[in-house]
file run-v4.cif (mmCIF, C-alpha atoms)
data_data
loop_
_atom_site.group_PDB
_atom_site.id
_atom_site.type_symbol
_atom_site.label_atom_id
_atom_site.label_comp_id
_atom_site.auth_asym_id
_atom_site.auth_seq_id
_atom_site.Cartn_x
_atom_site.Cartn_y
_atom_site.Cartn_z
ATOM 1 C CA MET W 839 151.142 -102.425 68.091
ATOM 2 C CA GLN W 840 153.721 -104.797 66.619
ATOM 3 C CA VAL W 841 156.184 -106.446 68.997
ATOM 4 C CA LYS W 842 159.776 -106.641 67.740
ATOM 5 C CA LYS W 843 160.967 -110.240 67.415
ATOM 6 C CA LYS W 844 164.152 -110.712 69.426
ATOM 7 C CA ASN W 845 167.371 -111.639 67.679
ATOM 8 C CA TYR W 846 169.185 -114.385 69.605
ATOM 9 C CA ARG W 847 172.755 -115.448 68.856
ATOM 10 C CA PRO W 848 173.154 -119.254 68.561
ATOM 11 C CA ASN W 849 175.637 -120.299 71.210
ATOM 12 C CA VAL W 850 177.122 -123.268 73.061
ATOM 13 C CA ALA W 851 178.095 -123.400 76.722
ATOM 14 C CA ALA W 852 180.169 -125.935 78.637
ATOM 15 C CA ILE W 853 179.843 -126.989 82.240
ATOM 16 C CA VAL W 854 183.388 -128.283 82.676
ATOM 17 C CA LEU W 855 183.916 -130.833 85.431
ATOM 18 C CA SER W 856 187.379 -131.510 86.843
ATOM 19 C CA SER W 857 189.178 -134.702 85.871
ATOM 20 C CA HIS W 858 188.401 -136.017 89.384
ATOM 21 C CA TYR W 859 184.709 -136.451 88.458
ATOM 22 C CA PRO W 860 182.718 -138.481 89.540
ATOM 23 C CA HIS W 861 184.745 -138.997 92.749
ATOM 24 C CA LYS W 862 184.799 -135.240 93.346
ATOM 25 C CA CYS W 863 182.304 -132.953 91.592
ATOM 26 C CA GLN W 864 183.952 -129.592 90.895
ATOM 27 C CA ILE W 865 182.858 -127.199 88.144
ATOM 28 C CA LEU W 866 185.073 -124.725 86.300
ATOM 29 C CA ILE W 867 184.050 -121.065 86.323
ATOM 30 C CA ALA W 868 186.078 -118.227 84.848
ATOM 31 C CA SER W 869 186.145 -114.440 85.233
ATOM 32 C CA ARG W 870 185.726 -112.421 82.024
ATOM 33 C CA THR W 871 188.399 -109.932 80.976
ATOM 34 C CA ASP W 872 185.867 -107.411 79.605
ATOM 35 C CA LEU W 873 183.310 -107.284 82.436
ATOM 36 C CA GLU W 874 184.289 -106.676 86.040
ATOM 37 C CA ASN W 875 183.558 -109.554 88.423
ATOM 38 C CA ALA W 876 181.580 -111.487 85.762
ATOM 39 C CA TRP W 877 182.138 -115.203 86.306
ATOM 40 C CA GLN W 878 180.665 -117.717 83.898
ATOM 41 C CA PHE W 879 181.045 -121.054 82.135
ATOM 42 C CA PRO W 880 183.023 -121.176 78.875
ATOM 43 C CA GLN W 881 180.684 -120.386 75.994
ATOM 44 C CA GLY W 882 180.625 -118.912 72.521
ATOM 45 C CA GLY W 883 178.834 -118.464 69.246
ATOM 46 C CA ILE W 884 178.137 -121.172 66.728
ATOM 47 C CA ASP W 885 179.670 -120.282 63.358
ATOM 48 C CA ALA W 886 177.766 -120.756 60.084
ATOM 49 C CA GLY W 887 177.896 -124.394 59.000
ATOM 50 C CA GLU W 888 179.150 -125.561 62.399
ATOM 51 C CA THR W 889 177.328 -128.106 64.566
ATOM 52 C CA PRO W 890 176.871 -127.352 68.274
ATOM 53 C CA LYS W 891 179.432 -130.080 69.147
ATOM 54 C CA GLU W 892 181.988 -128.645 66.706
ATOM 55 C CA ALA W 893 181.416 -125.190 68.224
ATOM 56 C CA LEU W 894 181.791 -126.645 71.727
ATOM 57 C CA PHE W 895 185.263 -128.052 71.035
ATOM 58 C CA ARG W 896 186.392 -124.901 69.159
ATOM 59 C CA GLU W 897 185.161 -122.600 71.933
ATOM 60 C CA LEU W 898 186.864 -124.689 74.624
ATOM 61 C CA ARG W 899 190.170 -124.418 72.708
ATOM 62 C CA GLU W 900 189.696 -120.662 72.226
ATOM 63 C CA GLU W 901 188.603 -119.874 75.794
ATOM 64 C CA ILE W 902 190.313 -122.340 78.131
ATOM 65 C CA GLY W 903 193.115 -123.560 75.884
ATOM 66 C CA THR W 904 192.014 -127.200 75.708
ATOM 67 C CA ASP W 905 189.362 -129.390 74.150
ATOM 68 C CA ASP W 906 190.731 -132.480 75.893
ATOM 69 C CA VAL W 907 187.333 -133.356 77.364
ATOM 70 C CA LYS W 908 184.738 -136.093 77.323
ATOM 71 C CA ILE W 909 181.073 -135.152 76.814
ATOM 72 C CA ILE W 910 179.068 -136.585 79.718
ATOM 73 C CA ALA W 911 175.613 -135.225 78.819
ATOM 74 C CA GLU W 912 173.748 -132.546 76.870
ATOM 75 C CA PHE W 913 170.866 -130.365 78.036
ATOM 76 C CA PRO W 914 167.895 -131.586 75.936
ATOM 77 C CA GLU W 915 166.726 -128.220 74.594
ATOM 78 C CA TRP W 916 167.893 -124.774 73.544
ATOM 79 C CA ILE W 917 167.667 -122.245 76.354
ATOM 80 C CA SER W 918 167.656 -118.456 75.870
ATOM 81 C CA TYR W 919 168.376 -115.322 77.856
ATOM 82 C CA ASP W 920 168.347 -111.587 77.159
ATOM 83 C CA PHE W 921 171.370 -109.351 77.549
ATOM 84 C CA PRO W 922 171.016 -106.665 80.244
ATOM 85 C CA GLU W 923 170.726 -103.033 79.127
ATOM 86 C CA SER W 924 174.265 -102.340 80.378
ATOM 87 C CA ILE W 925 175.869 -104.504 77.653
ATOM 88 C CA LEU W 926 173.198 -104.432 74.938
ATOM 89 C CA ASP W 927 175.037 -101.865 72.766
ATOM 90 C CA LYS W 928 178.220 -103.937 72.877
ATOM 91 C CA MET W 929 176.370 -107.076 71.767
ATOM 92 C CA LYS W 930 174.476 -105.633 68.771
ATOM 93 C CA PRO W 931 172.786 -106.840 66.624
ATOM 94 C CA PHE W 932 171.782 -109.482 69.201
ATOM 95 C CA ASP W 933 169.236 -109.085 71.998
ATOM 96 C CA GLY W 934 170.448 -112.198 73.782
ATOM 97 C CA GLN W 935 171.619 -115.737 73.239
ATOM 98 C CA THR W 936 170.015 -119.103 72.663
ATOM 99 C CA GLN W 937 172.308 -121.796 73.982
ATOM 100 C CA ARG W 938 172.996 -125.486 73.870
ATOM 101 C CA TYR W 939 174.569 -126.714 77.133
ATOM 102 C CA PHE W 940 177.026 -129.579 77.398
ATOM 103 C CA LEU W 941 178.305 -131.244 80.567
ATOM 104 C CA VAL W 942 181.930 -132.235 79.937
ATOM 105 C CA LYS W 943 184.743 -133.719 81.994
ATOM 106 C CA LEU W 944 188.374 -132.707 81.607
ATOM 107 C CA ASN W 945 190.386 -135.768 80.691
ATOM 108 C CA LYS W 946 193.179 -136.781 83.052
ATOM 109 C CA GLY W 947 196.221 -134.638 82.287
ATOM 110 C CA ALA W 948 194.259 -131.914 80.443
ATOM 111 C CA LYS W 949 195.531 -128.425 81.310
ATOM 112 C CA VAL W 950 193.467 -125.240 81.389
ATOM 113 C CA ASN W 951 195.422 -122.383 79.783
ATOM 114 C CA LEU W 952 193.830 -118.926 79.576
ATOM 115 C CA ASP W 953 196.791 -117.522 77.627
ATOM 116 C CA THR W 954 195.013 -118.026 74.301
ATOM 117 C CA GLU W 955 195.184 -115.964 71.103
ATOM 118 C CA TYR W 956 192.345 -113.680 72.289
ATOM 119 C CA PRO W 957 192.057 -114.159 76.079
ATOM 120 C CA GLU W 958 188.466 -113.922 77.267
ATOM 121 C CA PHE W 959 189.114 -114.855 80.894
ATOM 122 C CA SER W 960 191.559 -113.451 83.434
ATOM 123 C CA THR W 961 191.316 -116.248 86.003
ATOM 124 C CA TRP W 962 189.507 -119.512 86.656
ATOM 125 C CA LYS W 963 188.763 -121.910 89.481
ATOM 126 C CA PHE W 964 186.849 -125.034 90.342
ATOM 127 C CA VAL W 965 183.877 -124.699 92.688
ATOM 128 C CA GLY W 966 181.191 -127.016 94.001
ATOM 129 C CA SER W 967 177.762 -126.861 92.370
ATOM 130 C CA ASP W 968 176.367 -125.111 95.463
ATOM 131 C CA GLU W 969 179.056 -122.375 95.288
ATOM 132 C CA ILE W 970 178.488 -121.404 91.643
ATOM 133 C CA PHE W 971 175.829 -118.817 92.398
ATOM 134 C CA ASP W 972 178.138 -116.939 94.772
ATOM 135 C CA PHE W 973 180.078 -115.910 91.650
ATOM 136 C CA ILE W 974 177.972 -116.103 88.475
ATOM 137 C CA THR W 975 176.975 -112.811 86.867
ATOM 138 C CA PHE W 976 173.345 -111.854 87.570
ATOM 139 C CA PHE W 977 171.879 -112.100 84.078
ATOM 140 C CA LYS W 978 172.912 -115.730 83.589
ATOM 141 C CA ARG W 979 171.727 -117.061 86.947
ATOM 142 C CA ASN W 980 168.248 -118.223 85.908
ATOM 143 C CA VAL W 981 169.601 -120.185 82.944
ATOM 144 C CA TYR W 982 172.403 -121.684 85.060
ATOM 145 C CA LYS W 983 169.931 -122.686 87.785
ATOM 146 C CA LYS W 984 167.729 -124.481 85.259
ATOM 147 C CA VAL W 985 170.641 -126.317 83.621
ATOM 148 C CA ILE W 986 172.349 -127.285 86.906
ATOM 149 C CA ALA W 987 169.001 -128.487 88.322
ATOM 150 C CA TYR W 988 168.471 -130.682 85.258
ATOM 151 C CA PHE W 989 171.928 -132.290 85.489
ATOM 152 C CA LYS W 990 171.412 -132.843 89.243
ATOM 153 C CA LYS W 991 167.983 -134.421 88.669
ATOM 154 C CA GLU W 992 169.491 -136.713 86.025
ATOM 155 C CA GLY W 993 172.186 -137.783 88.519
ATOM 156 C CA TYR W 994 175.208 -136.273 86.749
ATOM 157 C CA ILE W 995 176.038 -133.637 89.372
#
call {"tool": "encode", "arguments": {"input": "run-v4.cif", "output": "structure tokens"}}
result
Amino acid sequence: MQVKKKNYRPNVAAIVLSSHYPHKCQILIASRTDLENAWQFPQGGIDAGETPKEALFRELREEIGTDDVKIIAEFPEWISYDFPESILDKMKPFDGQTQRYFLVKLNKGAKVNLDTEYPEFSTWKFVGSDEIFDFITFFKRNVYKKVIAYFKKEGYI
């Protein structure tokens, strides 16, 4: 029996810290417009010919209305997850995503604005790293736990 190789969409994700970091460590999460009660970090696909860093800044502009950030750190490897059955049809031809995570800090004076050309989020808020998992959608939790644990171990969070 031959096992079907999964098709993962290349993607970037941003853990956005408030401009008060490192004095106060608060992380931005946002609620998707297309999935009920699905909170997540800003993220999006990497276009052909685009580097992960270029995609990061483009996705931040498209999703939270600003790329006025400083990169603090990068997760050292690609990390993948599968889409749940409930959204698999909507995400075709992909079975999941393989992501590059960046830890970024909003620069002083940067403004989050969800009123973008194609709004992906309906609301956002800053939460502490221990509160994230009270909100994050179920199928991203394992990836988020791994990435948050790494940035904590490295002393960033």
call {"tool": "residues_around", "arguments": {"input": "run-v4.cif", "residues": "stretch 881-887 of chain W", "least_positions_apart": "2", "cutoff": "6 Å", "atoms": "all atoms listed in the file", "output": "compact mmCIF listing (two decimals) with C-alpha atoms, in the frame of the given file"}}
result
# COMPACT_ATOMS: atom_id res chain seq x y z
CA PRO W 848 173.15 -119.25 68.56
CA ASN W 849 175.64 -120.30 71.21
CA VAL W 850 177.12 -123.27 73.06
CA ALA W 851 178.10 -123.40 76.72
CA ALA W 893 181.42 -125.19 68.22
CA GLU W 897 185.16 -122.60 71.93
call {"tool": "resolve_selection", "arguments": {"input": "run-v4.cif", "expression": "the PyMOL selection byres ((chain W and resi 854-871) around 7)", "output": "PyMOL selection string"}}
result
chain W and resi 852-853+872-873+875-879+941-946+958-967+995
call {"tool": "write_last_selection", "arguments": {"input": "run-v4.cif", "atoms": "C-alpha atoms", "output": "PDB file, in the frame of the given file"}}
result
ATOM      1  CA  ALA W 852     180.169-125.935  78.637  1.00  0.00           C
ATOM      2  CA  ILE W 853     179.843-126.989  82.240  1.00  0.00           C
ATOM      3  CA  ASP W 872     185.867-107.411  79.605  1.00  0.00           C
ATOM      4  CA  LEU W 873     183.310-107.284  82.436  1.00  0.00           C
ATOM      5  CA  ASN W 875     183.558-109.554  88.423  1.00  0.00           C
ATOM      6  CA  ALA W 876     181.580-111.487  85.762  1.00  0.00           C
ATOM      7  CA  TRP W 877     182.138-115.203  86.306  1.00  0.00           C
ATOM      8  CA  GLN W 878     180.665-117.717  83.898  1.00  0.00           C
ATOM      9  CA  PHE W 879     181.045-121.054  82.135  1.00  0.00           C
ATOM     10  CA  LEU W 941     178.305-131.244  80.567  1.00  0.00           C
ATOM     11  CA  VAL W 942     181.930-132.235  79.937  1.00  0.00           C
ATOM     12  CA  LYS W 943     184.743-133.719  81.994  1.00  0.00           C
ATOM     13  CA  LEU W 944     188.374-132.707  81.607  1.00  0.00           C
ATOM     14  CA  ASN W 945     190.386-135.768  80.691  1.00  0.00           C
ATOM     15  CA  LYS W 946     193.179-136.781  83.052  1.00  0.00           C
ATOM     16  CA  GLU W 958     188.466-113.922  77.267  1.00  0.00           C
ATOM     17  CA  PHE W 959     189.114-114.855  80.894  1.00  0.00           C
ATOM     18  CA  SER W 960     191.559-113.451  83.434  1.00  0.00           C
ATOM     19  CA  THR W 961     191.316-116.248  86.003  1.00  0.00           C
ATOM     20  CA  TRP W 962     189.507-119.512  86.656  1.00  0.00           C
ATOM     21  CA  LYS W 963     188.763-121.910  89.481  1.00  0.00           C
ATOM     22  CA  PHE W 964     186.849-125.034  90.342  1.00  0.00           C
ATOM     23  CA  VAL W 965     183.877-124.699  92.688  1.00  0.00           C
ATOM     24  CA  GLY W 966     181.191-127.016  94.001  1.00  0.00           C
ATOM     25  CA  SER W 967     177.762-126.861  92.370  1.00  0.00           C
ATOM     26  CA  ILE W 995     176.038-133.637  89.372  1.00  0.00           C
TER      27      ILE W 995
END
call {"tool": "closest_residue", "arguments": {"input": "run-v4.cif", "among": "W:Pro931, W:Pro957, W:Pro922, W:Gly993", "to": "W:Arg899", "atoms": "all atoms listed in the file"}}
result
W:Pro957
call {"tool": "closest_residue", "arguments": {"input": "run-v4.cif", "among": "W:Pro890, W:Phe940, W:Lys949, W:Asp920", "to": "W:Tyr994", "atoms": "only C-alpha atoms"}}
result
W:Phe940
call {"tool": "atom_distance", "arguments": {"input": "run-v4.cif", "atom1": "atom CA of W:Glu900", "atom2": "atom CA of W:Leu952"}}
result
8.6 Å
call {"tool": "closest_residue", "arguments": {"input": "run-v4.cif", "among": "W:Tyr919, W:Lys928, W:Val950, W:Glu888", "to": "W:Thr904", "atoms": "all atoms listed in the file"}}
result
W:Val950
call {"tool": "closest_residue", "arguments": {"input": "run-v4.cif", "among": "W:Phe895, W:Glu955, W:Ala911, W:Phe976", "to": "W:Ser924", "atoms": "all atoms listed in the file"}}
result
W:Phe976
call {"tool": "closest_residue", "arguments": {"input": "run-v4.cif", "among": "W:Ile909, W:Ile970, W:Lys991, W:Phe977", "to": "W:Glu923", "atoms": "all atoms listed in the file"}}
result
W:Phe977
call {"tool": "atom_distance", "arguments": {"input": "run-v4.cif", "atom1": "atom CA of W:Arg896", "atom2": "atom CA of W:Lys930"}}
result
22.7 Å
call {"tool": "atom_distance", "arguments": {"input": "run-v4.cif", "atom1": "atom CA of W:Asn951", "atom2": "atom CA of W:Ile986"}}
result
24.6 Å
call {"tool": "closest_residue", "arguments": {"input": "run-v4.cif", "among": "W:Phe913, W:Asp906, W:Phe971, W:Phe921", "to": "W:Lys983", "atoms": "all atoms listed in the file"}}
result
W:Phe971
call {"tool": "resolve_selection", "arguments": {"input": "run-v4.cif", "expression": "the PyMOL selection byres ((chain W and resi 847) around 8)", "output": "PyMOL selection string"}}
result
chain W and resi 845-846+848-849+883+932-936
call {"tool": "decode", "arguments": {"input": "run-v4.cif", "residues": "stretch 846-960 of chain W", "atoms": "C-alpha atoms", "output": "PDB file, in the first residue's frame"}}
result
ATOM      1  CA  TYR W 846       2.082  21.404   2.901  1.00  0.00           C
ATOM      2  CA  ARG W 847       1.704  25.100   2.104  1.00  0.00           C
ATOM      3  CA  PRO W 848       4.869  27.130   2.870  1.00  0.00           C
ATOM      4  CA  ASN W 849       3.898  29.743   5.420  1.00  0.00           C
ATOM      5  CA  VAL W 850       5.235  32.323   7.871  1.00  0.00           C
ATOM      6  CA  ALA W 851       3.817  33.150  11.288  1.00  0.00           C
ATOM      7  CA  ALA W 852       4.515  36.067  13.611  1.00  0.00           C
ATOM      8  CA  ILE W 853       4.452  36.132  17.378  1.00  0.00           C
ATOM      9  CA  VAL W 854       3.918  39.873  17.778  1.00  0.00           C
ATOM     10  CA  LEU W 855       5.027  41.382  21.073  1.00  0.00           C
ATOM     11  CA  SER W 856       3.705  44.751  22.233  1.00  0.00           C
ATOM     12  CA  SER W 857       5.960  47.791  22.027  1.00  0.00           C
ATOM     13  CA  HIS W 858       6.338  47.567  25.832  1.00  0.00           C
ATOM     14  CA  TYR W 859       8.557  44.464  25.478  1.00  0.00           C
ATOM     15  CA  PRO W 860      10.802  43.530  27.306  1.00  0.00           C
ATOM     16  CA  HIS W 861       9.403  45.486  30.288  1.00  0.00           C
ATOM     17  CA  LYS W 862       5.995  43.875  29.774  1.00  0.00           C
ATOM     18  CA  CYS W 863       5.638  40.683  27.720  1.00  0.00           C
ATOM     19  CA  GLN W 864       2.286  40.716  25.915  1.00  0.00           C
ATOM     20  CA  ILE W 865       1.550  38.765  22.729  1.00  0.00           C
ATOM     21  CA  LEU W 866      -0.936  39.728  20.023  1.00  0.00           C
ATOM     22  CA  ILE W 867      -3.629  37.209  19.109  1.00  0.00           C
ATOM     23  CA  ALA W 868      -6.460  37.834  16.670  1.00  0.00           C
ATOM     24  CA  SER W 869      -9.835  36.228  15.944  1.00  0.00           C
ATOM     25  CA  ARG W 870     -10.399  35.062  12.357  1.00  0.00           C
ATOM     26  CA  THR W 871     -13.335  36.407  10.355  1.00  0.00           C
ATOM     27  CA  ASP W 872     -13.991  33.068   8.603  1.00  0.00           C
ATOM     28  CA  LEU W 873     -13.879  30.633  11.540  1.00  0.00           C
ATOM     29  CA  GLU W 874     -15.913  31.144  14.690  1.00  0.00           C
ATOM     30  CA  ASN W 875     -13.877  31.676  17.862  1.00  0.00           C
ATOM     31  CA  ALA W 876     -10.578  30.819  16.099  1.00  0.00           C
ATOM     32  CA  TRP W 877      -7.812  32.929  17.621  1.00  0.00           C
ATOM     33  CA  GLN W 878      -4.308  32.772  16.210  1.00  0.00           C
ATOM     34  CA  PHE W 879      -1.087  34.623  15.447  1.00  0.00           C
ATOM     35  CA  PRO W 880      -0.826  36.547  12.163  1.00  0.00           C
ATOM     36  CA  GLN W 881       0.371  34.181   9.449  1.00  0.00           C
ATOM     37  CA  GLY W 882       0.200  33.584   5.727  1.00  0.00           C
ATOM     38  CA  GLY W 883       1.577  31.871   2.676  1.00  0.00           C
ATOM     39  CA  ILE W 884       4.950  32.501   1.132  1.00  0.00           C
ATOM     40  CA  ASP W 885       4.570  33.586  -2.498  1.00  0.00           C
ATOM     41  CA  ALA W 886       6.781  32.176  -5.271  1.00  0.00           C
ATOM     42  CA  GLY W 887      10.158  33.912  -5.274  1.00  0.00           C
ATOM     43  CA  GLU W 888       9.584  35.453  -1.842  1.00  0.00           C
ATOM     44  CA  THR W 889      11.865  34.865   1.149  1.00  0.00           C
ATOM     45  CA  PRO W 890      10.285  34.019   4.512  1.00  0.00           C
ATOM     46  CA  LYS W 891      11.258  37.488   5.846  1.00  0.00           C
ATOM     47  CA  GLU W 892       9.695  39.229   2.832  1.00  0.00           C
ATOM     48  CA  ALA W 893       6.529  37.162   3.349  1.00  0.00           C
ATOM     49  CA  LEU W 894       6.541  38.034   7.060  1.00  0.00           C
ATOM     50  CA  PHE W 895       6.479  41.790   6.426  1.00  0.00           C
ATOM     51  CA  ARG W 896       3.886  41.482   3.615  1.00  0.00           C
ATOM     52  CA  GLU W 897       1.600  39.290   5.730  1.00  0.00           C
ATOM     53  CA  LEU W 898       1.838  41.657   8.704  1.00  0.00           C
ATOM     54  CA  ARG W 899       0.789  44.565   6.443  1.00  0.00           C
ATOM     55  CA  GLU W 900      -2.065  42.512   4.959  1.00  0.00           C
ATOM     56  CA  GLU W 901      -3.363  41.083   8.249  1.00  0.00           C
ATOM     57  CA  ILE W 902      -2.698  43.631  10.994  1.00  0.00           C
ATOM     58  CA  GLY W 903      -2.161  46.747   8.899  1.00  0.00           C
ATOM     59  CA  THR W 904       1.463  47.353   9.894  1.00  0.00           C
ATOM     60  CA  ASP W 905       4.931  45.971   9.328  1.00  0.00           C
ATOM     61  CA  ASP W 906       6.452  48.501  11.723  1.00  0.00           C
ATOM     62  CA  VAL W 907       8.192  45.788  13.745  1.00  0.00           C
ATOM     63  CA  LYS W 908      11.639  44.652  14.773  1.00  0.00           C
ATOM     64  CA  ILE W 909      12.545  40.960  14.418  1.00  0.00           C
ATOM     65  CA  ILE W 910      13.732  39.701  17.812  1.00  0.00           C
ATOM     66  CA  ALA W 911      14.311  36.026  16.943  1.00  0.00           C
ATOM     67  CA  GLU W 912      13.414  33.235  14.523  1.00  0.00           C
ATOM     68  CA  PHE W 913      12.421  29.657  15.322  1.00  0.00           C
ATOM     69  CA  PRO W 914      15.363  27.580  13.997  1.00  0.00           C
ATOM     70  CA  GLU W 915      13.398  25.097  11.883  1.00  0.00           C
ATOM     71  CA  TRP W 916      10.286  24.670   9.769  1.00  0.00           C
ATOM     72  CA  ILE W 917       7.368  23.281  11.743  1.00  0.00           C
ATOM     73  CA  SER W 918       4.290  21.630  10.197  1.00  0.00           C
ATOM     74  CA  TYR W 919       0.706  20.851  11.112  1.00  0.00           C
ATOM     75  CA  ASP W 920      -2.253  19.212   9.381  1.00  0.00           C
ATOM     76  CA  PHE W 921      -5.561  20.942   8.782  1.00  0.00           C
ATOM     77  CA  PRO W 922      -8.523  19.372  10.617  1.00  0.00           C
ATOM     78  CA  GLU W 923     -11.156  17.556   8.544  1.00  0.00           C
ATOM     79  CA  SER W 924     -13.630  20.399   9.151  1.00  0.00           C
ATOM     80  CA  ILE W 925     -11.633  22.865   7.002  1.00  0.00           C
ATOM     81  CA  LEU W 926      -9.733  20.510   4.688  1.00  0.00           C
ATOM     82  CA  ASP W 927     -12.040  21.104   1.685  1.00  0.00           C
ATOM     83  CA  LYS W 928     -11.657  24.867   2.037  1.00  0.00           C
ATOM     84  CA  MET W 929      -7.856  24.608   2.082  1.00  0.00           C
ATOM     85  CA  LYS W 930      -7.369  22.360  -0.977  1.00  0.00           C
ATOM     86  CA  PRO W 931      -4.968  21.430  -2.491  1.00  0.00           C
ATOM     87  CA  PHE W 932      -3.076  21.609   0.829  1.00  0.00           C
ATOM     88  CA  ASP W 933      -3.188  19.066   3.655  1.00  0.00           C
ATOM     89  CA  GLY W 934      -1.593  21.465   6.113  1.00  0.00           C
ATOM     90  CA  GLN W 935       1.093  24.079   6.483  1.00  0.00           C
ATOM     91  CA  THR W 936       4.820  24.125   7.074  1.00  0.00           C
ATOM     92  CA  GLN W 937       5.740  27.325   8.850  1.00  0.00           C
ATOM     93  CA  ARG W 938       8.629  29.559   9.727  1.00  0.00           C
ATOM     94  CA  TYR W 939       8.013  31.417  13.013  1.00  0.00           C
ATOM     95  CA  PHE W 940       9.332  34.870  13.818  1.00  0.00           C
ATOM     96  CA  LEU W 941       9.242  36.657  17.172  1.00  0.00           C
ATOM     97  CA  VAL W 942       8.742  40.367  16.461  1.00  0.00           C
ATOM     98  CA  LYS W 943       8.186  43.485  18.538  1.00  0.00           C
ATOM     99  CA  LEU W 944       5.902  46.319  17.484  1.00  0.00           C
ATOM    100  CA  ASN W 945       7.938  49.491  17.270  1.00  0.00           C
ATOM    101  CA  LYS W 946       6.896  52.378  19.503  1.00  0.00           C
ATOM    102  CA  GLY W 947       4.012  54.198  17.829  1.00  0.00           C
ATOM    103  CA  ALA W 948       3.085  51.296  15.507  1.00  0.00           C
ATOM    104  CA  LYS W 949      -0.694  50.891  15.194  1.00  0.00           C
ATOM    105  CA  VAL W 950      -2.558  47.641  14.582  1.00  0.00           C
ATOM    106  CA  ASN W 951      -5.333  48.195  12.022  1.00  0.00           C
ATOM    107  CA  LEU W 952      -7.542  45.259  11.008  1.00  0.00           C
ATOM    108  CA  ASP W 953      -9.400  47.364   8.427  1.00  0.00           C
ATOM    109  CA  THR W 954      -7.201  46.081   5.600  1.00  0.00           C
ATOM    110  CA  GLU W 955      -8.055  45.425   1.946  1.00  0.00           C
ATOM    111  CA  TYR W 956      -9.161  41.841   2.730  1.00  0.00           C
ATOM    112  CA  PRO W 957      -9.787  41.683   6.506  1.00  0.00           C
ATOM    113  CA  GLU W 958      -8.828  38.316   7.960  1.00  0.00           C
ATOM    114  CA  PHE W 959      -9.415  39.203  11.609  1.00  0.00           C
ATOM    115  CA  SER W 960     -12.425  40.715  13.358  1.00  0.00           C
TER     116      SER W 960
END
